[in-house]
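The structure appears right after this line, and notes come after that.
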Amino acid sequence: MGKMKQVVLGVSMTLVALAVQAETEPDVTVIETTRLVGFGEAKYPADFSHFDYVNPQAPKYGKVTYGQVGTFDNFNRYASRGVAGAATGQLYDTLMFSPADEVDAYYPLIAEKIRYADDYSWLEVDINPAAKFHDGQPITAHDVEFTFETFMTKGVPQYRVYYQDVESVKAVNDKTARIEMKTPNREKLFSLAQTMTVLPKHFWKGKDFSEPLDTPPVGSGAYKVSTYKSGQSLTYELVEDYWAQDLPVNIGRNNFQQVQYDYYRDETVMLEAFKAGEFDYREESSAKFWANSYTGANFDRGFIKKEEIPHSKPTGTQALVFNIQKPMFGDPKVREALNYALDFQWMNANMFYNQYERTRSFFQNTEYEAKGLPSDEEVAVLKPFSDKIPPRVYTEEYQPPVTDGSGRIRAQMRTAFALLKEAGWELQNKVMTNVETGEPMSFELLIYSPTTERIAIPVQKNLKRMGIDMKIRTIDTTQYIKRLRERDFDMVSSAYPAFTHPSPDMMIVWHSSYIDSTYNRAGVADPVVDALTLEISESQEDPEKLLALGRALDRYFQWNFYIIPQWHSSIYRVATWDKFERPEITPKYDLAIDTWWVSKEKAQKLPAKRQ
């Protein structure tokens with residue numbers, strides 16, 4: 001990072017940060033601030049009263065019930081086994097809070113104030129004196145220290161790997177925690193200060209944090225568990241004396257008195273329950289359901305409201321994901337060939353009512369999406385790895401296969417056969433066979449939802465026409481999560497998170513250090529990916545370089561065919577029992593349901609159980 005950027009960091013990242021010379025460290029400038037921004041500049045000033053996208057006068061009233069597919073068996077979101085209940089991760093407040101209309105900007109929650117060295121060797125967090133857990137115990141720096149030690153010794157593996165550059169997190173006194181770095185690293189330092197969930201030491205001490213928790217823990221957030229029936233229902237209630245309710249980050253948010261999650265065995269059953277009035281809100285992911293199933297007496301009476309709300313947020317990459325650690329999928333040519341079995345044009349017209357666009361990028365709907373041919377800057381980024389870069393990166397724009405929509409894919413099959421032959425496979429008695437071993441090409445797609453089976457069957461049929469046997473196996477969510485963790489699958493239907501910009505979080509998803517993380521669905525362990533994601537992490541203050549890095553990495557992903565990309569939509573498809581109001585502004589990066597509220601007047605017009 002250049003010297004000029006270090007000098008102006010306090011302005012460009014924190015706007016009103018106060019820089020003072022440290023007495024004990026004469027060569028280090030200490031920057032004091034109430035905000036931390038990892039990318040870009042802070043939108044809100046230090047004295048802001050509330051976010052732009054909330055209604056500060058929203059009433060705290062009523063109840064919302066959501067539907068949830070699957071089951072749950074415990075309350076520890078961070079356990080290494082079991083399935084945690086919906087929203088259990090929100091039982092605890094974090095040090096800082098990020099709004100839904102900014103990228104990587106954080107404002108005070110538990111942390112009242114931040115100080116850090118301009119060489120990023122250390123950072124101190126001052127705890128809000130009013131901060132407390134639900135049992136009345138104060139939140140202290142000792143809880144922060146305990147939390148870090150717990151996550152590093154008993155938490156999820158990727159946490160330990162990501163924060164290995166942190167030397168220590170220690171309580172300086174009851175209300176100040178200090179983070180010391182082994183190697184100065186701005187992104188890791190800021191990330192820890194921004195997003196750390198603070199656990200109550202007095203509750204968790206002596207318990208095994210890696211194990212499931214049968215009863216609700218002591219929390220600190222706006223809601224606490226009021227009632228539950230394991231595997232069936234979970235209800236939260238708004239904490240009456242919630243310590244942070246008047247902080248700017250919470251004004252106009254958390255407006256429901258109760259929030260309930262009811263569990264259903266599959267999407268079809270859950271949709272029928274919604275239409276019958278069993279819960280209040282549904283965001284639809286199925287185009288077929290949206291086009292055909294949102295009808296009935298409660299729609300005719302005006303009880304249920306159906307809306308399409310446009311958005312411009314980055315889109316996650318939904319896909320059929322190869323486990324490339326399986327020998328069958330180790331060759332990119334095999335993976336590319338199987339991409340020709342997904343006939344998007346036919347599926348969109350015949351199954352999805354032309355509601356979707358094809359996904360082609362891991363940065364979909366952002367400026368980092370790789371389009372056209374690489375720029376000179378991208379070529380420079382890729383030059384150190386020239387012997388490992390697929391040649392087409394430089395000569396072709398990647399596009400997923402396109403058909404005429406008729407359902408006949410003979411041309412695509414010919415291309416696939418040519419690729420498979422180059423990879424050592426050929427048709428023998430109408431079965432795609434490995435020339436060396438004589439083994440047929442057969443694999444399993446692992447899913448947990450019947451709606452996924454519906455979209456997988458056309459791919460299965462096309463593969464069968466190519467002599468390839470794709471079995472579809474449906475299991476429950478508990479088994480599915482277990483097999484993901486153990487990487488016991490050939491292929492899954494899954495999603496990669498949406499990134500607004502190339503962020504350090506990409507390392508958790510893609511870097512080989514995190515290969516045991518379930519985020520790395522494809523099992524990628526590649527020196528090029530490692531190098532580029534590390535450079536991204538180290539280049540957060542250089543927007544021009546990030547642009548080249550992001551697009552270059554996207555191209556590398558595209559031409560390595562780790563996935564069969566599916567599709568996306570640029571609208572929220574939302575149906576509600578018509579009792580809600582919401583602010584006039586919808587934030588750019590989220591629907592922000594936590595800013596909605598229940599209207600007494602509208603609720604009284606509904607059947608009693610939905611009021």
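Every chain in the structure tokens takes a letter, A first, then B, and so on in the order presented; its residues are numbered from 1, and the ligands are numbered from 1 following the presented order.
The environment of Gly231 in chain A within 7 Å, counting only C-alpha atoms and disregarding residues fewer than 4 places along the same chain, consists of Thr71, Phe72, Asp73 and Tyr263 of chain A.
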Export of the given selection (all heavy atoms) as a PDB file, in the first residue's frame:
```pdb
ATOM      1  N   THR A  71     -35.510 -28.924   9.340  1.00  0.00           N
ATOM      2  CA  THR A  71     -35.675 -29.195  10.760  1.00  0.00           C
ATOM      3  C   THR A  71     -34.566 -28.487  11.522  1.00  0.00           C
ATOM      4  O   THR A  71     -33.692 -27.853  10.925  1.00  0.00           O
ATOM      5  CB  THR A  71     -35.619 -30.712  11.025  1.00  0.00           C
ATOM      6  OG1 THR A  71     -35.924 -30.973  12.407  1.00  0.00           O
ATOM      7  CG2 THR A  71     -34.244 -31.278  10.706  1.00  0.00           C
ATOM      8  N   PHE A  72     -34.606 -28.564  12.851  1.00  0.00           N
ATOM      9  CA  PHE A  72     -33.493 -28.080  13.668  1.00  0.00           C
ATOM     10  C   PHE A  72     -33.444 -28.915  14.940  1.00  0.00           C
ATOM     11  O   PHE A  72     -34.456 -29.451  15.394  1.00  0.00           O
ATOM     12  CB  PHE A  72     -33.619 -26.587  13.989  1.00  0.00           C
ATOM     13  CG  PHE A  72     -34.653 -26.255  15.037  1.00  0.00           C
ATOM     14  CD1 PHE A  72     -34.289 -26.054  16.370  1.00  0.00           C
ATOM     15  CD2 PHE A  72     -36.002 -26.139  14.706  1.00  0.00           C
ATOM     16  CE1 PHE A  72     -35.237 -25.745  17.333  1.00  0.00           C
ATOM     17  CE2 PHE A  72     -36.947 -25.831  15.653  1.00  0.00           C
ATOM     18  CZ  PHE A  72     -36.578 -25.630  16.976  1.00  0.00           C
ATOM     19  N   ASP A  73     -32.254 -29.003  15.514  1.00  0.00           N
ATOM     20  CA  ASP A  73     -32.116 -29.817  16.717  1.00  0.00           C
ATOM     21  C   ASP A  73     -31.284 -29.151  17.812  1.00  0.00           C
ATOM     22  O   ASP A  73     -31.015 -29.754  18.844  1.00  0.00           O
ATOM     23  CB  ASP A  73     -31.509 -31.185  16.383  1.00  0.00           C
ATOM     24  CG  ASP A  73     -30.149 -31.086  15.703  1.00  0.00           C
ATOM     25  OD1 ASP A  73     -29.509 -30.007  15.763  1.00  0.00           O
ATOM     26  OD2 ASP A  73     -29.717 -32.084  15.094  1.00  0.00           O
ATOM     27  N   TYR A 263     -41.511 -24.965  10.725  1.00  0.00           N
ATOM     28  CA  TYR A 263     -40.770 -25.843   9.830  1.00  0.00           C
ATOM     29  C   TYR A 263     -41.703 -26.767   9.049  1.00  0.00           C
ATOM     30  O   TYR A 263     -42.684 -27.279   9.594  1.00  0.00           O
ATOM     31  CB  TYR A 263     -39.758 -26.668  10.629  1.00  0.00           C
ATOM     32  CG  TYR A 263     -38.531 -25.874  11.005  1.00  0.00           C
ATOM     33  CD1 TYR A 263     -38.554 -24.956  12.052  1.00  0.00           C
ATOM     34  CD2 TYR A 263     -37.339 -26.014  10.294  1.00  0.00           C
ATOM     35  CE1 TYR A 263     -37.432 -24.217  12.392  1.00  0.00           C
ATOM     36  CE2 TYR A 263     -36.210 -25.280  10.624  1.00  0.00           C
ATOM     37  CZ  TYR A 263     -36.269 -24.382  11.674  1.00  0.00           C
ATOM     38  OH  TYR A 263     -35.158 -23.650  11.996  1.00  0.00           O
TER      39      TYR A 263
END
```
Distance query Phe362 in chain A at most 8 Å, only C-alpha atoms, self and fewer than 5 positions along chain excluded, as JSON, numbers by chain = {"A": [316, 317, 369, 496, 498, 499, 554, 557]}
For N, CA and C atoms, I'd like the residues from the last selection saved as a PDB file, in the first residue's frame.
```
ATOM      1  N   GLY A 316     -25.918 -13.999  -6.266  1.00  0.00           N
ATOM      2  CA  GLY A 316     -25.178 -15.213  -5.963  1.00  0.00           C
ATOM      3  C   GLY A 316     -25.183 -16.174  -7.139  1.00  0.00           C
ATOM      4  N   THR A 317     -24.208 -17.047  -7.177  1.00  0.00           N
ATOM      5  CA  THR A 317     -24.051 -17.969  -8.298  1.00  0.00           C
ATOM      6  C   THR A 317     -24.652 -19.320  -7.946  1.00  0.00           C
ATOM      7  N   GLU A 369     -17.683  -8.335 -13.222  1.00  0.00           N
ATOM      8  CA  GLU A 369     -18.017  -9.438 -14.122  1.00  0.00           C
ATOM      9  C   GLU A 369     -17.113  -9.395 -15.346  1.00  0.00           C
ATOM     10  N   TYR A 496     -22.842 -20.106  -4.629  1.00  0.00           N
ATOM     11  CA  TYR A 496     -21.719 -19.328  -4.123  1.00  0.00           C
ATOM     12  C   TYR A 496     -22.234 -17.938  -3.766  1.00  0.00           C
ATOM     13  N   ALA A 498     -22.886 -13.945  -3.202  1.00  0.00           N
ATOM     14  CA  ALA A 498     -22.727 -12.770  -4.060  1.00  0.00           C
ATOM     15  C   ALA A 498     -21.686 -11.842  -3.446  1.00  0.00           C
ATOM     16  N   PHE A 499     -20.757 -11.385  -4.247  1.00  0.00           N
ATOM     17  CA  PHE A 499     -19.743 -10.434  -3.793  1.00  0.00           C
ATOM     18  C   PHE A 499     -19.962  -9.100  -4.488  1.00  0.00           C
ATOM     19  N   ASP A 554     -12.430 -13.958 -12.224  1.00  0.00           N
ATOM     20  CA  ASP A 554     -13.692 -14.416 -12.798  1.00  0.00           C
ATOM     21  C   ASP A 554     -13.439 -15.200 -14.088  1.00  0.00           C
ATOM     22  N   PHE A 557     -12.110 -18.651 -13.281  1.00  0.00           N
ATOM     23  CA  PHE A 557     -13.209 -19.516 -12.851  1.00  0.00           C
ATOM     24  C   PHE A 557     -14.043 -19.975 -14.046  1.00  0.00           C
TER      25      PHE A 557
END
```
If we count only C-alpha atoms and set the cut-off at 6 Å, which residues sit around Ala79 in chain A, ignoring sequence neighbours fewer than 5 positions away in its own chain? Please answer as a short mmCIF file (atom, residue, chain, number, x, y, z; two decimals) with all heavy atoms, in the first residue's frame.
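Written out: part_39.cif:
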```
data_model
loop_
_atom_site.label_atom_id
_atom_site.label_comp_id
_atom_site.auth_asym_id
_atom_site.auth_seq_id
_atom_site.Cartn_x
_atom_site.Cartn_y
_atom_site.Cartn_z
N SER A 210 -18.09 -26.59 20.44
CA SER A 210 -18.20 -27.30 19.16
C SER A 210 -19.39 -28.24 19.12
O SER A 210 -19.72 -28.78 18.07
CB SER A 210 -16.92 -28.09 18.88
OG SER A 210 -16.76 -29.13 19.84
N GLU A 211 -20.06 -28.43 20.26
CA GLU A 211 -21.17 -29.36 20.34
C GLU A 211 -22.52 -28.63 20.26
O GLU A 211 -22.62 -27.46 20.61
CB GLU A 211 -21.09 -30.14 21.64
CG GLU A 211 -19.97 -31.17 21.68
CD GLU A 211 -20.19 -32.28 20.65
OE1 GLU A 211 -21.27 -32.89 20.63
OE2 GLU A 211 -19.26 -32.50 19.83
N PRO A 212 -23.57 -29.33 19.82
CA PRO A 212 -24.91 -28.73 19.80
C PRO A 212 -25.36 -28.33 21.20
O PRO A 212 -24.90 -28.88 22.20
CB PRO A 212 -25.79 -29.87 19.24
CG PRO A 212 -24.85 -30.75 18.49
CD PRO A 212 -23.55 -30.69 19.23
#
```
Using only C-alpha atoms, what table do you get, as a Markdown table, when you list each residue of range 251-271 of chain A with an atom no more than 12 Å from range 82-91 of chain A, its nearest pair of atoms, and their distance in Å rounded to one decimal, rows by chain then rising number?
```
| residue | atom | partner | partner_atom | distance |
| --- | --- | --- | --- | --- |
| A:Asn254 | CA | A:Gln90 | CA | 11.7 |
| A:Val259 | CA | A:Ala87 | CA | 9.9 |
| A:Gln260 | CA | A:Ala86 | CA | 9.3 |
| A:Tyr261 | CA | A:Ala86 | CA | 7.0 |
| A:Asp262 | CA | A:Ala86 | CA | 9.5 |
| A:Tyr263 | CA | A:Ala86 | CA | 9.5 |
```
Can I get the selected residues back with N, CA and C atoms, as a tab-separated table (two decimals), in the first residue's frame?
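Here's the written file selection-v4.tsv:
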```tsv
chain	number	residue	atom	x	y	z
A	254	ASN	N	-36.05	-3.82	13.71
A	254	ASN	CA	-36.55	-4.76	14.74
A	254	ASN	C	-37.92	-4.34	15.25
A	259	VAL	N	-41.26	-12.93	16.42
A	259	VAL	CA	-40.85	-13.52	15.14
A	259	VAL	C	-40.84	-15.03	15.32
A	260	GLN	N	-41.62	-15.71	14.48
A	260	GLN	CA	-41.73	-17.17	14.61
A	260	GLN	C	-41.32	-17.85	13.31
A	261	TYR	N	-40.66	-19.01	13.45
A	261	TYR	CA	-40.28	-19.84	12.31
A	261	TYR	C	-40.96	-21.20	12.47
A	262	ASP	N	-41.80	-21.55	11.50
A	262	ASP	CA	-42.44	-22.86	11.47
A	262	ASP	C	-41.78	-23.71	10.39
A	263	TYR	N	-41.51	-24.97	10.72
A	263	TYR	CA	-40.77	-25.84	9.83
A	263	TYR	C	-41.70	-26.77	9.05
```
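Distance check against Ala244 in chain A using only C-alpha atoms: of A:Phe344, A:Tyr92, A:Phe303, A:Phe443, the minimum falls on A:Tyr92.
Residue nearest Thr268 in chain A, chosen from A:Phe363, A:Trp577, A:Phe256, A:Trp290 and counting only C-alpha atoms: A:Trp290.
For the residues A:Lys60, A:Arg483, A:Lys579, A:Lys205, ranking by smallest atom-to-atom distance to Arg253 in chain A using only C-alpha atoms places A:Lys60 first.
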Proximity of range 82-201 of chain A to range 305-313 of chain A: per-residue shortest pair, 12 Å limit, only C-alpha atoms, as CSV:
```
residue,atom,partner,partner_atom,distance
A:Ala100,CA,A:Lys313,CA,10.4
A:Asp101,CA,A:Lys313,CA,10.0
A:Glu102,CA,A:Lys313,CA,11.0
A:Val103,CA,A:Lys313,CA,10.9
```
For the residues selected in the previous step, produce a file with all heavy atoms as a CSV table (one decimal), in the first residue's frame.
```csv
chain,number,residue,atom,x,y,z
A,100,ALA,N,-27.7,-2.0,5.1
A,100,ALA,CA,-28.0,-2.7,3.8
A,100,ALA,C,-27.9,-1.8,2.6
A,100,ALA,O,-28.2,-2.3,1.5
A,100,ALA,CB,-29.4,-3.2,3.9
A,101,ASP,N,-27.4,-0.6,2.8
A,101,ASP,CA,-27.2,0.3,1.6
A,101,ASP,C,-25.7,0.7,1.4
A,101,ASP,O,-25.5,1.6,0.7
A,101,ASP,CB,-28.1,1.5,1.8
A,101,ASP,CG,-27.7,2.4,3.0
A,101,ASP,OD1,-27.0,1.9,3.9
A,101,ASP,OD2,-28.2,3.5,3.1
A,102,GLU,N,-24.8,-0.1,2.0
A,102,GLU,CA,-23.4,0.2,1.8
A,102,GLU,C,-22.6,-1.1,1.7
A,102,GLU,O,-23.1,-2.2,2.1
A,102,GLU,CB,-22.8,0.9,3.0
A,102,GLU,CG,-23.2,2.4,3.1
A,102,GLU,CD,-22.4,3.1,4.2
A,102,GLU,OE1,-22.9,3.1,5.3
A,102,GLU,OE2,-21.3,3.6,3.9
A,103,VAL,N,-21.5,-1.0,1.1
A,103,VAL,CA,-20.6,-2.1,0.9
A,103,VAL,C,-19.5,-2.0,2.0
A,103,VAL,O,-18.7,-1.1,2.0
A,103,VAL,CB,-19.9,-2.1,-0.5
A,103,VAL,CG1,-18.9,-3.2,-0.6
A,103,VAL,CG2,-21.0,-2.3,-1.5
```
message = Just want the 10 Å neighbourhood of range 502-514 of chain A, counted on only C-alpha atoms, with same-chain residues fewer than 5 positions away dropped. Output as a PyMOL selection string.
response = chain A and resi 38-39+104+157-162+187-188+191+363+368+496-497+519-540+543+546-551+553-554
inquiry  = What's the separation between CA of Leu123 in chain A and CA of Arg35 in chain A, in Å to one decimal place?
reply    = 13.0 Å
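Between Ile409 in chain A and the residues A:Gln364, A:Asn339, A:Asp578, A:Met470, the shortest atom-to-atom distance, using only C-alpha atoms, involves A:Asn339.
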Show me, as a PDB file with N, CA, C and O atoms, in the first residue's frame, the residues that have an atom within 9 Å of Ala193 in chain A when counting only C-alpha atoms, minus same-chain residues fewer than 6 positions from it.
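Saved file selection_2.pdb follows:
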```pdb
ATOM      1  N   LEU A  36     -15.646   1.959  10.689  1.00  0.00           N
ATOM      2  CA  LEU A  36     -14.606   1.280   9.914  1.00  0.00           C
ATOM      3  C   LEU A  36     -15.163   0.911   8.552  1.00  0.00           C
ATOM      4  O   LEU A  36     -16.256   0.353   8.453  1.00  0.00           O
ATOM      5  N   LEU A  95     -19.708  -6.611  17.306  1.00  0.00           N
ATOM      6  CA  LEU A  95     -19.034  -5.387  17.722  1.00  0.00           C
ATOM      7  C   LEU A  95     -19.538  -4.185  16.930  1.00  0.00           C
ATOM      8  O   LEU A  95     -19.751  -3.102  17.487  1.00  0.00           O
ATOM      9  N   MET A  96     -19.763  -4.374  15.627  1.00  0.00           N
ATOM     10  CA  MET A  96     -20.238  -3.291  14.781  1.00  0.00           C
ATOM     11  C   MET A  96     -21.335  -3.816  13.863  1.00  0.00           C
ATOM     12  O   MET A  96     -21.530  -5.026  13.733  1.00  0.00           O
ATOM     13  N   ALA A 111     -19.248  -2.130  20.027  1.00  0.00           N
ATOM     14  CA  ALA A 111     -18.076  -1.253  20.019  1.00  0.00           C
ATOM     15  C   ALA A 111     -18.535   0.195  19.945  1.00  0.00           C
ATOM     16  O   ALA A 111     -19.220   0.592  19.010  1.00  0.00           O
ATOM     17  N   ILE A 114     -13.244   2.987  18.212  1.00  0.00           N
ATOM     18  CA  ILE A 114     -12.122   2.166  17.746  1.00  0.00           C
ATOM     19  C   ILE A 114     -10.870   3.029  17.677  1.00  0.00           C
ATOM     20  O   ILE A 114     -10.919   4.184  17.266  1.00  0.00           O
ATOM     21  N   LEU A 123      -5.133  -2.862  17.222  1.00  0.00           N
ATOM     22  CA  LEU A 123      -6.396  -2.116  17.239  1.00  0.00           C
ATOM     23  C   LEU A 123      -7.041  -2.301  18.608  1.00  0.00           C
ATOM     24  O   LEU A 123      -6.979  -3.389  19.193  1.00  0.00           O
ATOM     25  N   GLU A 124      -7.643  -1.238  19.111  1.00  0.00           N
ATOM     26  CA  GLU A 124      -8.354  -1.322  20.387  1.00  0.00           C
ATOM     27  C   GLU A 124      -9.825  -0.991  20.205  1.00  0.00           C
ATOM     28  O   GLU A 124     -10.189  -0.092  19.430  1.00  0.00           O
ATOM     29  N   VAL A 125     -10.664  -1.730  20.903  1.00  0.00           N
ATOM     30  CA  VAL A 125     -12.106  -1.548  20.865  1.00  0.00           C
ATOM     31  C   VAL A 125     -12.587  -1.102  22.238  1.00  0.00           C
ATOM     32  O   VAL A 125     -12.312  -1.765  23.238  1.00  0.00           O
ATOM     33  N   ILE A 179      -6.455  -5.893  20.046  1.00  0.00           N
ATOM     34  CA  ILE A 179      -6.086  -6.912  19.071  1.00  0.00           C
ATOM     35  C   ILE A 179      -4.652  -6.647  18.631  1.00  0.00           C
ATOM     36  O   ILE A 179      -4.330  -5.540  18.192  1.00  0.00           O
TER      37      ILE A 179
END
```
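Remark: for Ile251 in chain A, the closest of the candidate residues A:Ala276, A:Val435, A:Ala58, A:Val334 is A:Ala58 (distances computed over only C-alpha atoms).
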inquiry  = Need the shell around Glu426 in chain A: protein/DNA/RNA residues with any atom at most 8 Å away, counting only C-alpha atoms. Skip same-chain ones fewer than 6 positions apart. Format as a ChimeraX atom specification?
reply    = /A:417,420,432-435
